[in-house]
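Structure record follows, encoded as structure tokens.
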Amino acid sequence: MNTFNPFTLEGKTILVTGASSGIGRGIAITCSKMGASVIINGRNEQRLAETLQEMKGEGHLSLAADLSRTEAVTSMVNQLPKLDGIVHCAGIGQMILCRQLQESDLDDMMDVNFKSPVMLQTKLLKQKKINKGASIVFIASIANDSPRIGNAMYSASKGAIISYANCLALELAPRLIRVNCILPAMIWTDLIYKGGITEEDLKEDEKKYPLKRYGKPEDVANLSVYLLSDASAWMTGSSIKLTGGI
């Protein structure tokens with residue numbers, strides 16, 4: 001019987017941030033089903049416990065930490081084993097018109113969506129927590145080059161993380177560490193109910209997609225598995241649009 005499977009994550013230890021809900025939860029669960037030992041991070045211990053309950057296999061670890069706090073990041077990284085994969089998924093969204101922006105709004109968005117993953121990544125590299133040949137995945141968004149009224153801050157934060165990831169890919173290539181971004185369109189999570197949009201509005205909007213639906217967390221999770229696995233061993237510095245054809 002042929003058991004060859006280039007997409008397996010068996011023997012790999014993977015960190016998933018933002019795993020307490022939505023896309024991050026979906027990625028953590030799918031990685032566990034593919035045989036990985038998964039370390040999940042989020043701010044809410046109870047919701048992380050719910051994610052852990054849905055995961056398959058044993059040896060997984062839950063580390064609650066607010067990644068916007070330097071001391072929390074340091075403490076978490078000190079507890080981590082060597083990693084074969086990282087999925088930076090923690091993020092927030094907020095719809096505000098450009099003329100209504102407050103400095104505090106901008107600070108919050110950039111702190112969570114850009115500064116926090118960058119500084120976590122810096123700490124992981126300094127502490128030598130990433131194995132040679134590992135894979136790093138950033139969950140970005142097509143918003144970076146798909147303008148939408150009220151979405152300037154979010155779009156800018158995702159554009160920033162993509163630019164950072166492209167440079168990181170070059171810096172880590174000598175160690176065969178790969179860095180790629182996933183750019184989803186609309187995914188059915190709590191995050192899409194921002195700006196007072198109703199479910200009816202969203203259901204109507206998804207009909208515009210060529211594949212007639214928004215994405216699901218599992219859609220992003222399956223692409224993440226490919227990028228984390230040895231099947232994508234010759235892929236780095238890429239930003240993959242996952243859009244249902246929109």
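How things are named: the first chain in the structure tokens is A, the next is B, and so on; residues count from 1 in each chain; ligands count from 1 in the order shown.
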Output as JSON, numbers by chain all residues of region 1-218 of chain A that backbone DSSP marks as helix (DSSP H, G or I).
{"A": [22, 23, 24, 25, 26, 27, 28, 29, 30, 31, 32, 33, 45, 46, 47, 48, 49, 50, 51, 52, 53, 54, 70, 71, 72, 73, 74, 75, 76, 77, 78, 79, 98, 99, 100, 103, 104, 105, 106, 107, 108, 109, 110, 111, 112, 113, 114, 115, 116, 117, 118, 119, 120, 121, 122, 123, 124, 125, 126, 142, 143, 144, 145, 152, 153, 154, 155, 156, 157, 158, 159, 160, 161, 162, 163, 164, 165, 166, 167, 168, 169, 170, 171, 172, 173, 174, 175, 190, 191, 192, 193, 194, 195, 196, 199, 200, 201, 202, 203, 204, 205, 206, 217, 218]}
Quick one: which region 139-184 of chain A residues come within 12 Å of region 71-87 of chain A, and what is the nearest atom pair for each with the distance in Å to one decimal, counting only C-alpha atoms, rows ordered by chain and ascending number, as CSV?
```
residue,atom,partner,partner_atom,distance
A:Ile139,CA,A:Val87,CA,7.3
A:Ala140,CA,A:Val87,CA,10.8
A:Leu176,CA,A:Asp84,CA,11.4
A:Ile177,CA,A:Asp84,CA,9.1
A:Arg178,CA,A:Gly85,CA,9.4
A:Val179,CA,A:Ile86,CA,9.5
A:Asn180,CA,A:Val87,CA,9.8
A:Cys181,CA,A:Val87,CA,9.5
A:Ile182,CA,A:Val87,CA,10.1
```
Write out, as a PDB file, in the first residue's frame, the residues just selected, with N, CA and C atoms.
```
ATOM      1  N   ILE A 139      -1.242  35.216   7.784  1.00  0.00           N
ATOM      2  CA  ILE A 139      -2.586  35.362   7.246  1.00  0.00           C
ATOM      3  C   ILE A 139      -2.831  36.856   7.027  1.00  0.00           C
ATOM      4  N   ALA A 140      -2.782  37.272   5.771  1.00  0.00           N
ATOM      5  CA  ALA A 140      -2.982  38.679   5.418  1.00  0.00           C
ATOM      6  C   ALA A 140      -4.392  38.843   4.857  1.00  0.00           C
ATOM      7  N   LEU A 176      16.951  27.864   4.712  1.00  0.00           N
ATOM      8  CA  LEU A 176      15.868  27.096   4.083  1.00  0.00           C
ATOM      9  C   LEU A 176      14.546  27.255   4.821  1.00  0.00           C
ATOM     10  N   ILE A 177      14.412  28.368   5.563  1.00  0.00           N
ATOM     11  CA  ILE A 177      13.139  28.688   6.214  1.00  0.00           C
ATOM     12  C   ILE A 177      12.293  29.478   5.222  1.00  0.00           C
ATOM     13  N   ARG A 178      11.092  28.988   4.967  1.00  0.00           N
ATOM     14  CA  ARG A 178      10.219  29.593   3.967  1.00  0.00           C
ATOM     15  C   ARG A 178       9.207  30.533   4.613  1.00  0.00           C
ATOM     16  N   VAL A 179       8.876  31.612   3.920  1.00  0.00           N
ATOM     17  CA  VAL A 179       7.932  32.609   4.430  1.00  0.00           C
ATOM     18  C   VAL A 179       6.933  32.943   3.317  1.00  0.00           C
ATOM     19  N   ASN A 180       5.664  32.717   3.583  1.00  0.00           N
ATOM     20  CA  ASN A 180       4.624  32.990   2.596  1.00  0.00           C
ATOM     21  C   ASN A 180       3.404  33.631   3.257  1.00  0.00           C
ATOM     22  N   CYS A 181       2.585  34.283   2.451  1.00  0.00           N
ATOM     23  CA  CYS A 181       1.361  34.921   2.934  1.00  0.00           C
ATOM     24  C   CYS A 181       0.139  34.323   2.241  1.00  0.00           C
ATOM     25  N   ILE A 182      -0.943  34.213   2.983  1.00  0.00           N
ATOM     26  CA  ILE A 182      -2.244  33.862   2.414  1.00  0.00           C
ATOM     27  C   ILE A 182      -3.120  35.108   2.453  1.00  0.00           C
TER      28      ILE A 182
END
```
Just checking: using only C-alpha atoms, which residue out of A:Thr17, A:Ser62, A:Gln46, A:Gln53 ends up closest to Leu120 (chain A)?
A:Thr17
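Using only C-alpha atoms, the residues found no farther than 12 Å from Ile96 (chain A), other than those of its own chain fewer than 2 positions away, are A:Gly93, A:Gln94, A:Cys98, A:Arg99, A:Gln100, A:Leu101, A:Gln102, A:Glu103, A:Asp105, A:Leu106, A:Met109, A:Arg148, A:Ile149, A:Gly150, A:Asn151, A:Ala152, A:Met153, A:Tyr154, A:Ser155, A:Lys194, A:Gly195, A:Gly196.
Between Ser21 (chain A) and the residues A:Leu183, A:Leu202, A:Ala90, A:Ala233, the shortest atom-to-atom distance, using only C-alpha atoms, involves A:Ala90.
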